[in-house]
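Below is work-v7.cif, holding mmCIF, C-alpha atoms.
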```cif
data_coords
loop_
_atom_site.label_atom_id
_atom_site.label_comp_id
_atom_site.auth_asym_id
_atom_site.auth_seq_id
_atom_site.Cartn_x
_atom_site.Cartn_y
_atom_site.Cartn_z
CA MET A 1 -10.61 -25.58 -4.01
CA PRO A 2 -10.03 -22.49 -1.86
CA SER A 3 -8.75 -22.60 1.69
CA GLU A 4 -10.99 -21.36 4.49
CA LYS A 5 -10.33 -19.19 7.52
CA HIS A 6 -12.76 -18.88 10.42
CA LEU A 7 -12.36 -15.32 11.67
CA ASP A 8 -13.01 -13.97 15.15
CA HIS A 9 -16.22 -12.17 14.13
CA GLY A 10 -17.78 -15.47 13.06
CA ALA A 11 -17.26 -15.37 9.30
CA ARG A 12 -15.93 -18.30 7.30
CA ILE A 13 -13.85 -16.71 4.56
CA ALA A 14 -12.77 -18.55 1.42
CA PHE A 15 -9.37 -17.53 0.07
CA HIS A 16 -6.43 -18.47 -2.12
CA HIS A 17 -2.92 -17.68 -0.93
CA MET A 18 0.26 -18.14 -2.93
CA LYS A 19 3.58 -17.88 -1.12
CA GLY A 20 6.42 -15.86 -2.59
CA LYS A 21 8.72 -12.95 -1.99
CA GLY A 22 7.54 -9.62 -0.66
CA PRO A 23 6.04 -7.22 -0.71
CA GLY A 24 2.99 -9.41 -1.15
CA VAL A 25 -0.08 -8.45 -3.14
CA MET A 26 -3.60 -8.74 -1.76
CA PHE A 27 -6.63 -8.23 -3.99
CA LEU A 28 -9.86 -6.68 -2.70
CA GLY A 29 -12.79 -7.09 -5.05
CA GLY A 30 -15.83 -4.95 -5.64
CA PHE A 31 -19.43 -4.84 -4.46
CA LYS A 32 -21.01 -8.28 -5.02
CA SER A 33 -17.93 -9.44 -6.96
CA ASP A 34 -15.85 -12.50 -6.13
CA MET A 35 -12.24 -13.64 -6.24
CA GLU A 36 -12.65 -15.43 -9.58
CA GLY A 37 -12.86 -12.25 -11.64
CA THR A 38 -10.61 -11.17 -14.49
CA LYS A 39 -8.46 -8.77 -12.49
CA ALA A 40 -7.98 -11.14 -9.55
CA LEU A 41 -6.80 -13.98 -11.78
CA ALA A 42 -4.63 -11.70 -13.91
CA LEU A 43 -2.91 -10.39 -10.78
CA GLN A 44 -2.33 -13.93 -9.57
CA ASN A 45 -0.65 -14.78 -12.87
CA MET A 46 1.50 -11.65 -12.66
CA CYS A 47 2.59 -12.49 -9.13
CA MET A 48 3.31 -16.10 -10.05
CA LYS A 49 5.48 -14.94 -12.94
CA HIS A 50 7.48 -12.66 -10.66
CA GLY A 51 7.60 -14.99 -7.66
CA ARG A 52 5.49 -12.68 -5.49
CA SER A 53 3.17 -13.63 -2.67
CA PHE A 54 -0.46 -13.17 -3.63
CA THR A 55 -3.78 -13.41 -1.79
CA ARG A 56 -7.38 -13.18 -3.02
CA PHE A 57 -10.54 -13.85 -1.03
CA ASP A 58 -14.31 -13.54 -0.94
CA TYR A 59 -15.99 -11.19 1.53
CA SER A 60 -18.83 -12.44 3.72
CA GLY A 61 -21.94 -12.92 1.59
CA HIS A 62 -19.82 -13.07 -1.57
CA GLY A 63 -18.63 -16.01 -3.65
CA GLN A 64 -17.68 -19.03 -1.58
CA SER A 65 -17.61 -17.38 1.84
CA SER A 66 -20.31 -17.72 4.49
CA GLY A 67 -23.24 -15.41 5.08
CA ARG A 68 -25.95 -13.72 3.04
CA PHE A 69 -25.04 -10.64 1.05
CA GLU A 70 -28.02 -8.64 2.29
CA ASP A 71 -27.09 -9.30 5.93
CA CYS A 72 -23.61 -7.77 5.55
CA THR A 73 -22.28 -4.23 5.88
CA MET A 74 -19.03 -2.35 5.34
CA SER A 75 -18.02 -3.18 8.92
CA ASP A 76 -18.32 -6.89 8.15
CA TRP A 77 -16.32 -6.60 4.94
CA LEU A 78 -13.64 -4.52 6.65
CA ALA A 79 -13.40 -7.16 9.41
CA ASP A 80 -13.00 -9.81 6.68
CA THR A 81 -10.25 -7.77 5.02
CA LEU A 82 -8.33 -7.16 8.23
CA GLY A 83 -8.76 -10.78 9.28
CA ILE A 84 -7.21 -12.09 6.06
CA LEU A 85 -4.48 -9.43 6.17
CA ASP A 86 -3.61 -10.35 9.77
CA GLN A 87 -4.02 -14.12 9.68
CA VAL A 88 -3.10 -15.18 6.14
CA THR A 89 -0.51 -12.73 4.83
CA ASP A 90 2.99 -11.99 6.13
CA GLY A 91 5.06 -8.84 5.94
CA PRO A 92 4.40 -5.71 3.90
CA GLN A 93 1.51 -5.89 1.45
CA ILE A 94 0.39 -3.94 -1.58
CA LEU A 95 -3.40 -3.76 -1.45
CA VAL A 96 -5.08 -3.72 -4.85
CA GLY A 97 -8.67 -2.59 -4.41
CA SER A 98 -11.33 -2.46 -7.12
CA SER A 99 -14.37 -0.18 -6.69
CA MET A 100 -15.72 -0.96 -3.19
CA GLY A 101 -12.43 -2.78 -2.64
CA GLY A 102 -10.72 0.58 -3.07
CA TRP A 103 -12.66 1.96 -0.11
CA LEU A 104 -11.83 -1.14 1.94
CA ALA A 105 -8.15 -0.90 0.96
CA LEU A 106 -8.07 2.69 2.21
CA LEU A 107 -9.76 1.70 5.47
CA ALA A 108 -7.36 -1.23 5.93
CA ALA A 109 -4.32 0.95 5.24
CA ARG A 110 -5.55 3.43 7.84
CA ALA A 111 -6.07 0.63 10.36
CA ARG A 112 -2.80 -1.24 9.63
CA PRO A 113 -0.29 1.36 8.42
CA GLU A 114 2.65 -0.82 9.45
CA ARG A 115 1.48 -3.63 7.14
CA VAL A 116 0.65 -1.68 3.98
CA LYS A 117 3.51 -0.69 1.67
CA GLY A 118 1.26 0.74 -1.03
CA LEU A 119 -2.17 0.90 -2.59
CA VAL A 120 -3.33 0.39 -6.17
CA LEU A 121 -6.92 1.59 -6.44
CA ILE A 122 -9.00 0.71 -9.50
CA ALA A 123 -12.05 2.97 -9.92
CA PRO A 124 -12.07 3.44 -6.13
CA ALA A 125 -15.45 4.07 -4.54
CA PRO A 126 -14.92 5.50 -1.07
CA ASP A 127 -18.16 6.61 0.61
CA PHE A 128 -20.22 5.00 -2.17
CA THR A 129 -23.06 4.00 0.16
CA GLU A 130 -23.66 7.67 0.89
CA ARG A 131 -22.49 9.51 -2.22
CA LEU A 132 -23.52 7.06 -4.95
CA MET A 133 -26.49 5.45 -3.26
CA TRP A 134 -28.31 7.42 -0.57
CA GLN A 135 -27.66 10.89 -2.00
CA THR A 136 -28.74 9.82 -5.51
CA PHE A 137 -31.82 7.84 -4.51
CA SER A 138 -35.24 9.38 -5.06
CA ASP A 139 -37.40 10.31 -2.10
CA GLU A 140 -39.53 7.26 -2.89
CA ILE A 141 -36.58 4.87 -2.73
CA ARG A 142 -35.31 6.43 0.50
CA ALA A 143 -38.77 6.08 2.02
CA THR A 144 -38.88 2.42 0.96
CA ILE A 145 -35.52 1.74 2.63
CA ILE A 146 -36.57 3.49 5.83
CA ARG A 147 -39.96 1.75 5.90
CA THR A 148 -39.02 -1.79 4.82
CA GLY A 149 -35.28 -1.86 5.53
CA ARG A 150 -34.34 -2.71 1.94
CA TYR A 151 -34.51 -1.76 -1.72
CA GLU A 152 -33.85 -4.07 -4.67
CA GLN A 153 -31.74 -2.11 -7.13
CA PRO A 154 -31.53 -3.49 -10.71
CA SER A 155 -28.01 -4.41 -11.80
CA GLU A 156 -26.54 -4.35 -15.28
CA TYR A 157 -23.95 -6.89 -14.15
CA SER A 158 -26.35 -9.57 -12.90
CA ASP A 159 -29.86 -10.91 -13.50
CA GLU A 160 -30.46 -10.56 -9.76
CA PRO A 161 -30.88 -7.10 -8.23
CA TYR A 162 -28.57 -5.63 -5.62
CA VAL A 163 -30.31 -5.63 -2.25
CA ILE A 164 -29.52 -2.27 -0.63
CA THR A 165 -30.38 -2.39 3.06
CA ARG A 166 -30.91 0.29 5.63
CA SER A 167 -28.16 -1.36 7.69
CA LEU A 168 -25.70 -1.01 4.79
CA ILE A 169 -26.45 2.71 4.43
CA GLU A 170 -26.35 3.46 8.14
CA ASP A 171 -23.21 1.42 8.77
CA GLY A 172 -21.48 3.03 5.80
CA ARG A 173 -21.69 6.37 7.61
CA ARG A 174 -19.31 4.99 10.24
CA HIS A 175 -16.58 4.69 7.61
CA LEU A 176 -16.89 7.84 5.47
CA MET A 177 -13.52 9.24 4.38
CA LEU A 178 -13.90 12.02 1.83
CA ASP A 179 -15.04 14.77 4.20
CA ASP A 180 -11.70 14.90 6.05
CA PRO A 181 -7.96 14.47 5.41
CA ILE A 182 -7.10 10.77 5.05
CA PRO A 183 -4.10 9.87 7.24
CA ILE A 184 -2.43 7.43 4.86
CA THR A 185 1.23 8.01 4.02
CA ALA A 186 1.90 4.91 1.90
CA ALA A 187 2.33 5.21 -1.86
CA VAL A 188 -0.99 5.31 -3.72
CA ARG A 189 -1.67 4.67 -7.39
CA ILE A 190 -5.14 5.25 -8.84
CA LEU A 191 -6.51 3.98 -12.16
CA HIS A 192 -9.90 5.29 -13.27
CA GLY A 193 -11.79 5.15 -16.56
CA GLN A 194 -13.36 8.37 -17.77
CA LYS A 195 -16.32 6.46 -19.21
CA ASP A 196 -17.09 4.93 -15.83
CA VAL A 197 -20.87 5.24 -15.34
CA ASP A 198 -20.84 3.68 -11.86
CA VAL A 199 -18.17 5.70 -10.03
CA PRO A 200 -17.50 9.19 -11.44
CA TRP A 201 -13.81 9.61 -12.20
CA ARG A 202 -13.80 13.04 -10.57
CA MET A 203 -14.21 11.28 -7.22
CA SER A 204 -10.63 10.12 -7.65
CA LEU A 205 -9.49 13.74 -7.96
CA GLU A 206 -11.19 14.44 -4.65
CA LEU A 207 -9.50 11.40 -3.15
CA VAL A 208 -6.09 12.64 -4.30
CA ASP A 209 -6.73 15.94 -2.51
CA ARG A 210 -7.75 14.19 0.72
CA LEU A 211 -4.83 11.76 0.95
CA GLU A 212 -1.96 12.92 3.17
CA SER A 213 0.57 10.79 1.28
CA HIS A 214 3.04 12.74 -0.85
CA ASP A 215 3.45 9.78 -3.21
CA VAL A 216 0.13 9.73 -5.05
CA LYS A 217 -0.39 9.32 -8.79
CA ALA A 218 -3.70 9.09 -10.63
CA THR A 219 -4.01 7.78 -14.19
CA PHE A 220 -7.23 8.40 -16.11
CA ILE A 221 -8.05 6.13 -19.04
CA LYS A 222 -10.15 8.17 -21.46
CA SER A 223 -11.91 5.17 -23.01
CA GLY A 224 -12.01 3.11 -19.82
CA ASP A 225 -15.21 1.84 -18.22
CA HIS A 226 -15.80 0.88 -14.59
CA ARG A 227 -14.36 -2.61 -14.79
CA LEU A 228 -11.05 -1.75 -16.51
CA SER A 229 -10.67 -5.39 -17.54
CA THR A 230 -9.56 -5.18 -21.18
CA ASP A 231 -6.13 -6.50 -22.14
CA ALA A 232 -4.81 -2.93 -22.28
CA ASP A 233 -6.30 -2.16 -18.86
CA ILE A 234 -4.72 -5.27 -17.34
CA ALA A 235 -1.35 -4.34 -18.85
CA GLN A 236 -1.67 -0.86 -17.30
CA LEU A 237 -2.53 -2.45 -13.95
CA GLY A 238 0.54 -4.67 -14.18
CA SER A 239 2.94 -1.82 -14.91
CA THR A 240 1.40 0.26 -12.14
CA LEU A 241 1.79 -2.57 -9.63
CA GLN A 242 5.40 -3.11 -10.59
CA GLU A 243 6.16 0.53 -9.77
CA LEU A 244 5.44 -0.31 -6.15
CA TRP A 245 7.48 -3.51 -6.14
CA ALA A 246 10.71 -1.56 -6.47
#
```
Mind turning the file's structure into structure tokens?
Amino acid sequence: MPSEKHLDHGARIAFHHMKGKGPGVMFLGGFKSDMEGTKALALQNMCMKHGRSFTRFDYSGHGQSSGRFEDCTMSDWLADTLGILDQVTDGPQILVGSSMGGWLALLAARARPERVKGLVLIAPAPDFTERLMWQTFSDEIRATIIRTGRYEQPSEYSDEPYVITRSLIEDGRRHLMLDDPIPITAAVRILHGQKDVDVPWRMSLELVDRLESHDVKATFIKSGDHRLSTDADIAQLGSTLQELWA
């Protein structure tokens, strides 16, 4: 059973934390994903093997944490991330962010530069609420969101649709990053599949240009999809993470 942390903003966050040597590793999952996914568990096994501290958790409205998904926004999920970083982990951390978790890892690194030793971003999706949702929606879908406050978007990953709310879109605009230099100086490693149909891999090239860090490397997997969860992908993730352990 996971542990639980009641955070200052009212969320009850479910998490698993494994003590070990630093720098620790903290996994940030994707949009409507949870901490029981392939990458989260593979990272836990890697950290256990190497005696590293490791933390995984569910955002509000995800998995075993409190709240309804459709009531949450990027601000809520960032507060969850910072709360777990501040109250559960100790010392320098390497944040491993997948998809939306990549955006949250960037936001957390900007907010807590003294705590973040490095970032490993898997198909990172900064600004996705604007670039990959609002800007790609038809006029009809935008009108529906404005009029009703929500749109149910079919998902290929679940039988249930993603509920995209007006609050999610509007709040996302408070956290946009790709229009300006990103003041992060920690080491950054990016892994992105070139067959990713959810987050275009060229967004990672734009992210590289925006980051102020001089220690940035991007690896593009020609046959890789959005999830990057095959055995080969997990092996690549492991070797990338170990670069930052040194």
Excluding Gly101 of chain A and any residue of its chain fewer than 4 positions from it, enumerate the residues within 12 Å of it, using all atoms listed in the file, and give them as a PDB file with C-alpha atoms, in the frame of the given file.
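The new file part.pdb reads:
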```
ATOM      1  CA  MET A  26      -3.600  -8.740  -1.760  1.00  0.00           C
ATOM      2  CA  PHE A  27      -6.630  -8.230  -3.990  1.00  0.00           C
ATOM      3  CA  LEU A  28      -9.860  -6.680  -2.700  1.00  0.00           C
ATOM      4  CA  GLY A  29     -12.790  -7.090  -5.050  1.00  0.00           C
ATOM      5  CA  GLY A  30     -15.830  -4.950  -5.640  1.00  0.00           C
ATOM      6  CA  PHE A  31     -19.430  -4.840  -4.460  1.00  0.00           C
ATOM      7  CA  LYS A  32     -21.010  -8.280  -5.020  1.00  0.00           C
ATOM      8  CA  SER A  33     -17.930  -9.440  -6.960  1.00  0.00           C
ATOM      9  CA  ASP A  34     -15.850 -12.500  -6.130  1.00  0.00           C
ATOM     10  CA  MET A  35     -12.240 -13.640  -6.240  1.00  0.00           C
ATOM     11  CA  ALA A  40      -7.980 -11.140  -9.550  1.00  0.00           C
ATOM     12  CA  ARG A  56      -7.380 -13.180  -3.020  1.00  0.00           C
ATOM     13  CA  PHE A  57     -10.540 -13.850  -1.030  1.00  0.00           C
ATOM     14  CA  ASP A  58     -14.310 -13.540  -0.940  1.00  0.00           C
ATOM     15  CA  TYR A  59     -15.990 -11.190   1.530  1.00  0.00           C
ATOM     16  CA  MET A  74     -19.030  -2.350   5.340  1.00  0.00           C
ATOM     17  CA  TRP A  77     -16.320  -6.600   4.940  1.00  0.00           C
ATOM     18  CA  LEU A  78     -13.640  -4.520   6.650  1.00  0.00           C
ATOM     19  CA  ASP A  80     -13.000  -9.810   6.680  1.00  0.00           C
ATOM     20  CA  THR A  81     -10.250  -7.770   5.020  1.00  0.00           C
ATOM     21  CA  LEU A  95      -3.400  -3.760  -1.450  1.00  0.00           C
ATOM     22  CA  VAL A  96      -5.080  -3.720  -4.850  1.00  0.00           C
ATOM     23  CA  GLY A  97      -8.670  -2.590  -4.410  1.00  0.00           C
ATOM     24  CA  ALA A 105      -8.150  -0.900   0.960  1.00  0.00           C
ATOM     25  CA  LEU A 106      -8.070   2.690   2.210  1.00  0.00           C
ATOM     26  CA  LEU A 107      -9.760   1.700   5.470  1.00  0.00           C
ATOM     27  CA  ALA A 108      -7.360  -1.230   5.930  1.00  0.00           C
ATOM     28  CA  ALA A 109      -4.320   0.950   5.240  1.00  0.00           C
ATOM     29  CA  LEU A 119      -2.170   0.900  -2.590  1.00  0.00           C
ATOM     30  CA  VAL A 120      -3.330   0.390  -6.170  1.00  0.00           C
ATOM     31  CA  LEU A 121      -6.920   1.590  -6.440  1.00  0.00           C
ATOM     32  CA  ILE A 122      -9.000   0.710  -9.500  1.00  0.00           C
ATOM     33  CA  ALA A 123     -12.050   2.970  -9.920  1.00  0.00           C
ATOM     34  CA  PRO A 124     -12.070   3.440  -6.130  1.00  0.00           C
ATOM     35  CA  ALA A 125     -15.450   4.070  -4.540  1.00  0.00           C
ATOM     36  CA  PRO A 126     -14.920   5.500  -1.070  1.00  0.00           C
ATOM     37  CA  ASP A 127     -18.160   6.610   0.610  1.00  0.00           C
ATOM     38  CA  PHE A 128     -20.220   5.000  -2.170  1.00  0.00           C
TER      39      PHE A 128
END
```
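Among the candidates A:Ala111, A:Leu104, A:Ile94, A:Leu176, the one nearest to Arg189 of chain A when counting only C-alpha atoms is A:Ile94.
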**Message:** On this structure, the PyMOL selection byres ((chain A and resi 88) around 10) would catch which residues? List them as a VMD selection string, sorted by chain and number.
**Reply:** chain A and resid 5 15 to 17 55 82 to 87 89 to 90
**Prompt:** Which is closer to Met100 of chain A than all the others in A:His9, A:Gln135, A:Phe54, A:Gly172, using all atoms listed in the file?
**Reply:**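 Of all the options, A:Gly172 lies closest to Met100 of chain A.
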Dump as JSON lines the rows for residues of segment 139-214 of chain A within 9 Å of segment 228-236 of chain A: closest atom pair and distance in Å with one decimal, only C-alpha atoms counted, ordered by chain and rising residue number.
```
{"residue": "A:Leu191", "atom": "CA", "partner": "A:Leu228", "partner_atom": "CA", "distance": 8.5}
{"residue": "A:His192", "atom": "CA", "partner": "A:Leu228", "partner_atom": "CA", "distance": 7.8}
{"residue": "A:Gly193", "atom": "CA", "partner": "A:Leu228", "partner_atom": "CA", "distance": 6.9}
```
Residues just named, written with C-alpha atoms as an mmCIF file, in the frame of the given file:
```cif
data_model
loop_
_atom_site.group_PDB
_atom_site.id
_atom_site.type_symbol
_atom_site.label_atom_id
_atom_site.label_comp_id
_atom_site.auth_asym_id
_atom_site.auth_seq_id
_atom_site.Cartn_x
_atom_site.Cartn_y
_atom_site.Cartn_z
ATOM 1 C CA LEU A 191 -6.510 3.980 -12.160
ATOM 2 C CA HIS A 192 -9.900 5.290 -13.270
ATOM 3 C CA GLY A 193 -11.790 5.150 -16.560
#
```
Please determine an axis-aligned box that encloses all atoms of segment 216-232 of chain A listed in the file, with 3 Å added on each side, and express its centre and edge lengths in Å to one decimal as lines of an AutoDock Vina configuration file.
```
center_x = -7.8
center_y = 1.6
center_z = -14.0
size_x = 21.9
size_y = 22.2
size_z = 24.0
```
**Contact residues around segment 145-160 of chain A with all atoms listed in the file at 12 Å, ignoring same-chain residues under 4 positions, as number ranges by chain** = A: 30-33, 70-71, 133-134, 137-141, 164-170, 197-198, 226-227
Can you build me a table of segment 7-34 of chain A residues sitting at most 6 Å from segment 60-65 of chain A, with the closest atom pair per residue and its distance in Å to one decimal, using all atoms listed in the file, sorted by chain and residue number, as a Markdown table?
```
| residue | atom | partner | partner_atom | distance |
| --- | --- | --- | --- | --- |
| A:Arg12 | CA | A:Ser65 | CA | 5.8 |
| A:Ile13 | CA | A:Ser65 | CA | 4.7 |
| A:Ala14 | CA | A:Ser65 | CA | 5.0 |
| A:Asp34 | CA | A:Gly63 | CA | 5.1 |
```
Take the selection from the previous step and output its residues with C-alpha atoms, as a compact mmCIF listing (two decimals), keeping the file's coordinate frame.
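Saved file result08.txt follows:
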```
# COMPACT_ATOMS: atom_id res chain seq x y z
CA ARG A 12 -15.93 -18.30 7.30
CA ILE A 13 -13.85 -16.71 4.56
CA ALA A 14 -12.77 -18.55 1.42
CA ASP A 34 -15.85 -12.50 -6.13
```
